[in-house]
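I have placed the structure first, in the form of structure tokens, so that the comments after it can refer back to it.
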Amino acid sequence: MAKSLYEYASSEKNEAKKANSETQLNEETIKKQYEKYSKFSESELMKELFSEVNKQKKNGNFNFQELANKIDGIRPMLSDQQLKNLDSLLNQIK
């Protein structure tokens, strides 16, 4: 049975609300993560990174190629020094 225009509009409105709610949750999560990690020193950040990578490797959730592909998307925005640092990190977590 075909949807009426009213039913279609209602379902579209509900989908938009759901998407907006998910966006807000993502923004809140990012803000919380920023607040947490912005207080870390460089050495604390590195320790946390390697700890998380090791945890994901143990659980079988670490996908280096997926990570490398995502990083490739930001490479054009980085300076030569940032690229050098990033490549060094990637080599360490392989």
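So you can find residues: chains in the structure tokens are A, B, ... in the order shown, residues in each start at 1, and ligands are numbered from 1 in order.
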
For this session: Using only C-alpha atoms, determine which residues lie at most 8 Å from segment 66-73 of chain A, disregarding the query and same-chain residues fewer than 3 positions distant; provide the list as a ChimeraX atom specification.
Result: /A:63,76,90

Exercise. At what distance in Å, to one decimal, does atom CA of Lys57 of chain A lie from atom CA of Asn85 of chain A?
Worked result: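 Value for the atom CA of Asn85 of chain A-atom CA of Lys57 of chain A distance: 22.0 Å.
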
For this session: Between atom CA of Leu45 of chain A and atom CA of Gln92 of chain A, measure the distance and give it in Å to one decimal.
Result: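 If I compute the distance from atom CA of Leu45 of chain A to atom CA of Gln92 of chain A, I get 14.3 Å.
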
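Counting only C-alpha atoms and comparing A:Gln24, A:Lys47, A:Lys94, A:Lys36, the residue that lies closest to Phe62 of chain A is A:Lys94.
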
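By chain and then residue number, the residues within 12 Å of Met46 of chain A are Tyr37, Phe40, Ser41, Glu42, Ser43, Glu44, Glu48, Leu49, Phe50, Ser51, Glu52, Val53, Asn85, Leu86, Leu89, Leu90, Gln92 and Ile93 of chain A, counting only C-alpha atoms and disregarding those fewer than 2 positions away in sequence.
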